[in-house]
Every structure is written in structure tokens, then in C-alpha cells.
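This report refers to the structure that appears directly beneath it.
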Amino acid sequence: MADVLIVGGGIGGLSLARELSLRGLRATVLEKAPQLDPVGAGIIMNPNAMRVLERNGLADAVRADSSPYLLRETCDARGRKLALRDYRPLYDAGKLARGALVHRAHLLDVLWRSLPSDTVRFGVGIRDIVLGSAGVRLSTARGESFEADLLVGADGIHSEVRRRVFGEFSPVYMGYRSHRLVVDNTGIGHFTEFLGHGRRIGLVPISAKRLYVWTTFNSPHDRPPRFDSVADFRNFFREFTDPRIAAVFSQLRSMDGVILTAIEELDLERWAHGRAALLGDAVHAMTPNIGQGAGMAMEDAAALAEELAGKETPEKALESYARRRRPRVQTVMRVSREVGADGQRSGMIECWLRNRRLQQEGRNAEKALAELEGLLRYPNEEESWARSGTSP
């Protein structure tokens, strides 16, 4: 048995607390925000993430306010279809859990409500962390002190636990930025993305009434763009002429509520140190191109809880967790990075070649389904090999 102190009350931290509670392990979550953070937009809950939720009993609650993830359509900037990925054959065959498209606030609420009432402490800032051979002690900015058998940093890409325990590591800017927003759903029935020249737009129905909208665009790291008005925003994406995008953009009255973020990566070799470990974006922040940030954090949480419940010492559990998870995460990060690089192509010829290739690849449905199954199945063979210490 082990008492676990979790820093970070986001998807990863709350998922770990849920997984631990199911195994009879006590967890305390420390979150610096004063309340459950409602900021955010949509989240693509791929089949692997939904499988985690099916195993921990929360899938039905998440699906209750969501849209099913059945299709993903890829179009060019004018709306001409390039490819269509249909997940339903894999769902119907029982090979994958049914994916869902949800609002981040709903997912967080479901996770939080699944925990004992005293699990999450809000408004807690870290003052000091002391790791010992038998446990960890954390003191807060308001004078509280917490002790536990081990510490888990699930506090995001700018993790305070990582900085204090593992040292300084800076995320790597990937050359592009993203907008995120939620508007009324104007009749979009499935995930639809549009590829332009160095720019993309995605329309993701997260319920019958709400639509998650994202963009990506190439941008110098030291010169972030300014969008002072909706007119500036629309003009920036003027190459996208499909009526579906026009209907979405017509709803904007101001830039309030439009979140602008830099796309960054973080990939640490070291996941554990003594009785401390990192989870999710704190150790492997990835690009959002295949919607796996939340899924990888939730897989991390399930794997770490299993190891803590099954190993005789916390140190061995943390070592096994890192060895088990790293190969899987490396694969997903690479795929996401490659999809992003392909989507952000900007030259006329290279964009034409990309679109032509996507059309050709889309005709081989059998191959596409096999690739999706390999990426989105959880648990997966790659993790099993890492867990057992063998190799394929």
C-alpha cells in the first residue's frame, strides 16, 4: 500500500487519483487553481482513451454529453474531400472502444465527481519539496505540509515538480500556433479538417449543439501574431472558402474566448527519480495533431496505478511504469509530429503532392483500418513487451 501525493488537478492527475482509488490506494491531489479549471475547448477522446474509461467505470458518464467519434474527413481549403476515415468497422468488430468527442470541462467534471470528496485540494501552491528514502514531504505557500510515500507531478508542460525535482527542461517550439474555441454547431455531423498552405482548420462536434473549432498556422517563435479583431482573424484564414467554415466564422463577434497557444513538445528520458515520477505533459508533452495528449496521460495513470498496486516497493513500481510506458509514448509522439509536419506544409507544389497522396492512401481502406487499430488499441502489444522486459 502507498499514499500518493499528486500535484496537478488536470486530466492526468484526476485520472491517476481515480485509478488509485479503485485499487484501494489513497491519493491527495494538490491543484494551484482555486477551483476545477473550466478553461479549454474540445477534446478528442480516441478509442484508447475511452478504453481506459471503460475499464475504470467512467465511459458512460463521459459519453452522456458528447458526440460519437465515427468518422474523420479530410478536405482541402476549398472543401474538396481528400480522405475519409471510418472507425465504425473497427468498433463493430469489437477491436476498438468507441471514441467520443467531448468538452474538456465535462471530462474534468466526470473525473472529479468520481473521487472521494476530500481528494482534491484547490488553491495550493508549492513552496518546497523534500524527497527522502522513505517518502516525500511537500510544503505549500500557505503553510500547510503534506507527507506521502511518493510524489507524482501531473502539472503540465511547465511542471513545477519537474523543475524542482528533475531540473530545468524547456519545451521545444514546433514552428506553429493554434486557436481553440467553441461555437454553436451549425450542422456539422462528424470531425472535419481542412488543409491549406501552412494553415489548417478543424471542426469537431462535441454535442448536437456545440462545435469545437481549432486552427493551426505557421508562425515565427519570437513574433506571435496579433488578431485585434474578428475581421483580422477571418482575413488570416481567407483561403478557406468552404461554406461550413464561413458559417462558423460568421458566429464570431469578438476574439474573447478564442484561446491562442504555441505548439510545443517536451520529451524527457527520465520519468522517475527516487520516490517521485512525472506523468502526462509534465514528461511527454506532444503536439495535438492526432488528439492524444489526454489519452496518453490517462494511459499513464492506469499503468502507474497498476504498477503501484502490484510491486512490493514504490521505487520498483516507478521504474516499471517508466519502462512500460516510454515505448508507447514515443511511437504516438512521432506519429503526431509527422502528421503535424505534413499538415503545416506551405509550398504550392508540396501541398498539391500531399493532397494527392492523401487521396491515394484514402482508397486503401483495409490498410488505413489496420494502421488505426495498431495505434489506437489499448492495452497494446508494444506496452506488453515493455512491461515483460521482452522484445518483439
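Residues are named by chain letter and number: chains run A, B, ... in the order of the C-alpha cells, numbers start at 1 in each chain, and ligands are numbered from 1 in the order shown.
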
Q: Based on DSSP run over this structure's backbone, return all residues of range 7-140 of chain A in alpha helix (DSSP H), as a PyMOL selection string.
A: chain A and resi 11-22+47-56+59-63+88-92+104-113

Q.
I want to know what sits within 12 Å of Glu144 in chain A, based on only C-alpha atoms, with residues of the same chain fewer than 2 positions away left out; could you give that as an NGL selection string?
A. :A and (30 or 121 or 123-128 or 137-142 or 146-147)

Write out, as a PDB file, in the first residue's frame, the residues just selected, with N, CA and C atoms.
ATOM      1  N   LEU A  30      -3.170  18.012  -5.298  1.00  0.00           N
ATOM      2  CA  LEU A  30      -2.955  19.424  -4.998  1.00  0.00           C
ATOM      3  C   LEU A  30      -3.022  20.218  -6.307  1.00  0.00           C
ATOM      4  N   ARG A 121      -7.439  19.183  -3.302  1.00  0.00           N
ATOM      5  CA  ARG A 121      -7.280  20.438  -2.569  1.00  0.00           C
ATOM      6  C   ARG A 121      -6.957  21.538  -3.580  1.00  0.00           C
ATOM      7  N   GLY A 123      -6.339  25.653  -4.829  1.00  0.00           N
ATOM      8  CA  GLY A 123      -5.651  26.854  -4.381  1.00  0.00           C
ATOM      9  C   GLY A 123      -4.362  26.569  -3.640  1.00  0.00           C
ATOM     10  N   VAL A 124      -3.669  25.503  -4.020  1.00  0.00           N
ATOM     11  CA  VAL A 124      -2.457  25.079  -3.318  1.00  0.00           C
ATOM     12  C   VAL A 124      -1.237  25.331  -4.197  1.00  0.00           C
ATOM     13  N   GLY A 125      -0.364  26.195  -3.757  1.00  0.00           N
ATOM     14  CA  GLY A 125       0.897  26.441  -4.442  1.00  0.00           C
ATOM     15  C   GLY A 125       2.055  25.802  -3.696  1.00  0.00           C
ATOM     16  N   ILE A 126       3.074  25.337  -4.407  1.00  0.00           N
ATOM     17  CA  ILE A 126       4.204  24.639  -3.797  1.00  0.00           C
ATOM     18  C   ILE A 126       5.235  25.640  -3.273  1.00  0.00           C
ATOM     19  N   ARG A 127       5.687  25.403  -2.055  1.00  0.00           N
ATOM     20  CA  ARG A 127       6.805  26.177  -1.515  1.00  0.00           C
ATOM     21  C   ARG A 127       8.088  25.361  -1.512  1.00  0.00           C
ATOM     22  N   ASP A 128       7.973  24.074  -1.133  1.00  0.00           N
ATOM     23  CA  ASP A 128       9.183  23.256  -1.040  1.00  0.00           C
ATOM     24  C   ASP A 128       8.819  21.790  -1.188  1.00  0.00           C
ATOM     25  N   ARG A 137       7.991  14.916   1.454  1.00  0.00           N
ATOM     26  CA  ARG A 137       7.270  15.955   2.203  1.00  0.00           C
ATOM     27  C   ARG A 137       7.160  17.191   1.323  1.00  0.00           C
ATOM     28  N   LEU A 138       5.965  17.742   1.243  1.00  0.00           N
ATOM     29  CA  LEU A 138       5.732  18.934   0.430  1.00  0.00           C
ATOM     30  C   LEU A 138       5.097  20.006   1.305  1.00  0.00           C
ATOM     31  N   SER A 139       5.673  21.187   1.272  1.00  0.00           N
ATOM     32  CA  SER A 139       5.098  22.316   1.992  1.00  0.00           C
ATOM     33  C   SER A 139       4.506  23.298   0.993  1.00  0.00           C
ATOM     34  N   THR A 140       3.445  23.961   1.396  1.00  0.00           N
ATOM     35  CA  THR A 140       2.720  24.833   0.476  1.00  0.00           C
ATOM     36  C   THR A 140       2.966  26.304   0.803  1.00  0.00           C
ATOM     37  N   ALA A 141       2.556  27.153  -0.126  1.00  0.00           N
ATOM     38  CA  ALA A 141       2.750  28.595   0.035  1.00  0.00           C
ATOM     39  C   ALA A 141       1.931  29.148   1.192  1.00  0.00           C
ATOM     40  N   ARG A 142       0.862  28.448   1.587  1.00  0.00           N
ATOM     41  CA  ARG A 142       0.052  28.938   2.697  1.00  0.00           C
ATOM     42  C   ARG A 142       0.343  28.219   4.012  1.00  0.00           C
ATOM     43  N   PHE A 146       2.347  18.349   3.608  1.00  0.00           N
ATOM     44  CA  PHE A 146       1.799  17.055   3.201  1.00  0.00           C
ATOM     45  C   PHE A 146       2.930  16.038   3.135  1.00  0.00           C
ATOM     46  N   GLU A 147       2.661  14.840   3.636  1.00  0.00           N
ATOM     47  CA  GLU A 147       3.626  13.749   3.558  1.00  0.00           C
ATOM     48  C   GLU A 147       2.976  12.555   2.870  1.00  0.00           C
TER      49      GLU A 147
END

Q: In Å, rounded to a single decimal, give me how far CA of Ser67 in chain A is from CA of Ala100 in chain A.
A: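 The value is 5.7 Å.
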
Shell around range 253-270 of chain A at 6 Å using only C-alpha atoms, local window under 3 positions removed, as a PDB file with N, CA and C atoms, in the first residue's frame:
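Produced file part.pdb, reproduced below:
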ATOM      1  N   PRO A 171      10.436  23.352 -23.111  1.00  0.00           N
ATOM      2  CA  PRO A 171       9.730  22.782 -24.268  1.00  0.00           C
ATOM      3  C   PRO A 171      10.326  23.305 -25.570  1.00  0.00           C
ATOM      4  N   VAL A 172      10.151  22.528 -26.626  1.00  0.00           N
ATOM      5  CA  VAL A 172      10.652  22.885 -27.948  1.00  0.00           C
ATOM      6  C   VAL A 172       9.486  23.383 -28.798  1.00  0.00           C
ATOM      7  N   TYR A 173       9.617  24.612 -29.318  1.00  0.00           N
ATOM      8  CA  TYR A 173       8.575  25.174 -30.178  1.00  0.00           C
ATOM      9  C   TYR A 173       8.635  24.495 -31.541  1.00  0.00           C
ATOM     10  N   MET A 174       7.471  24.080 -32.053  1.00  0.00           N
ATOM     11  CA  MET A 174       7.424  23.267 -33.259  1.00  0.00           C
ATOM     12  C   MET A 174       7.179  24.068 -34.536  1.00  0.00           C
ATOM     13  N   TYR A 176       4.647  26.346 -35.160  1.00  0.00           N
ATOM     14  CA  TYR A 176       3.290  26.785 -35.464  1.00  0.00           C
ATOM     15  C   TYR A 176       2.472  26.973 -34.186  1.00  0.00           C
ATOM     16  N   ARG A 177       1.387  27.705 -34.333  1.00  0.00           N
ATOM     17  CA  ARG A 177       0.493  28.008 -33.229  1.00  0.00           C
ATOM     18  C   ARG A 177      -0.910  27.518 -33.541  1.00  0.00           C
ATOM     19  N   SER A 178      -1.790  27.641 -32.531  1.00  0.00           N
ATOM     20  CA  SER A 178      -3.140  27.108 -32.677  1.00  0.00           C
ATOM     21  C   SER A 178      -4.155  27.999 -31.982  1.00  0.00           C
ATOM     22  N   HIS A 179      -5.347  28.108 -32.571  1.00  0.00           N
ATOM     23  CA  HIS A 179      -6.512  28.679 -31.910  1.00  0.00           C
ATOM     24  C   HIS A 179      -7.435  27.540 -31.477  1.00  0.00           C
ATOM     25  N   ARG A 180      -8.174  27.790 -30.393  1.00  0.00           N
ATOM     26  CA  ARG A 180      -9.222  26.867 -29.970  1.00  0.00           C
ATOM     27  C   ARG A 180     -10.428  27.684 -29.511  1.00  0.00           C
ATOM     28  N   LEU A 181     -11.604  27.259 -29.891  1.00  0.00           N
ATOM     29  CA  LEU A 181     -12.825  27.941 -29.485  1.00  0.00           C
ATOM     30  C   LEU A 181     -14.006  26.992 -29.620  1.00  0.00           C
ATOM     31  N   VAL A 230     -12.156  40.350 -35.159  1.00  0.00           N
ATOM     32  CA  VAL A 230     -12.651  39.185 -35.880  1.00  0.00           C
ATOM     33  C   VAL A 230     -12.319  39.313 -37.359  1.00  0.00           C
ATOM     34  N   VAL A 283       6.021  15.167 -18.571  1.00  0.00           N
ATOM     35  CA  VAL A 283       7.167  14.364 -19.014  1.00  0.00           C
ATOM     36  C   VAL A 283       7.189  14.147 -20.514  1.00  0.00           C
ATOM     37  N   HIS A 284       6.015  14.233 -21.177  1.00  0.00           N
ATOM     38  CA  HIS A 284       5.997  13.969 -22.626  1.00  0.00           C
ATOM     39  C   HIS A 284       4.924  14.797 -23.319  1.00  0.00           C
ATOM     40  N   ALA A 285       5.006  16.105 -23.239  1.00  0.00           N
ATOM     41  CA  ALA A 285       4.048  16.958 -23.936  1.00  0.00           C
ATOM     42  C   ALA A 285       4.211  16.765 -25.439  1.00  0.00           C
ATOM     43  N   MET A 286       3.101  16.557 -26.130  1.00  0.00           N
ATOM     44  CA  MET A 286       3.172  16.262 -27.555  1.00  0.00           C
ATOM     45  C   MET A 286       2.280  17.207 -28.346  1.00  0.00           C
TER      46      MET A 286
END

Q: Check the smallest atom-to-atom distance from each of A:Val152, A:Val120, A:Leu211, A:Ile349 to Glu31 in chain A using only C-alpha atoms, then report the winner.
A: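 That would be A:Val120, the residue with the smallest distance to Glu31 in chain A.
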
Q: Skip range 273-281 of chain A itself and residues of its chain fewer than 5 positions away, then list as a PyMOL selection string all residues within 10 Å of it, counting only C-alpha atoms.
A: chain A and resi 4-8+10-13+16+131-136+148-159+161-162+165-166+265-268+286+293-301+304+313-319+321-322+329

Q) Which neighbours of Pro220 in chain A fall inside 8 Å, counting only C-alpha atoms, when residues of the same chain fewer than 2 positions from it are skipped, and could you give them as a VMD selection string? A) chain A and resid 175 to 176 218 222 to 224

(Q) If you run DSSP on the backbone here, which positions in range 53-206 of chain A get strand (DSSP E)? Please write them as a ChimeraX atom specification. (A) /A:67-69,71-76,81-86,99-103,120-122,126-131,136-140,145-148,150-153,172-184,191-195,199-205

Q.
as a count of residues only, please: the residues near Val332 in chain A (cut-off 10 Å, only C-alpha atoms, same-chain neighbours under 4 positions excluded).
A. 13

**Q.** Non-local contacts of range 17-20 of chain A (10 Å; only C-alpha atoms; under 2 positions in same chain excluded) as a PyMOL selection string
**A.** chain A and resi 2-6+9+12-15+22-29+52-53+55-58+111-116+119-120+298+301-306+308-309

Q | Distance of CA of Gly362 in chain A from CA of Ala49 in chain A, expressed in Å to one decimal place | A |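 Computed distance, CA of Ala49 in chain A to CA of Gly362 in chain A, equals 24.7 Å.
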
Q: Could you tell me how far CA of Asn48 in chain A lies from CA of Arg377 in chain A, in Å and to one decimal?
A: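 Computing the Euclidean distance for CA of Asn48 in chain A and CA of Arg377 in chain A yields 5.5 Å.
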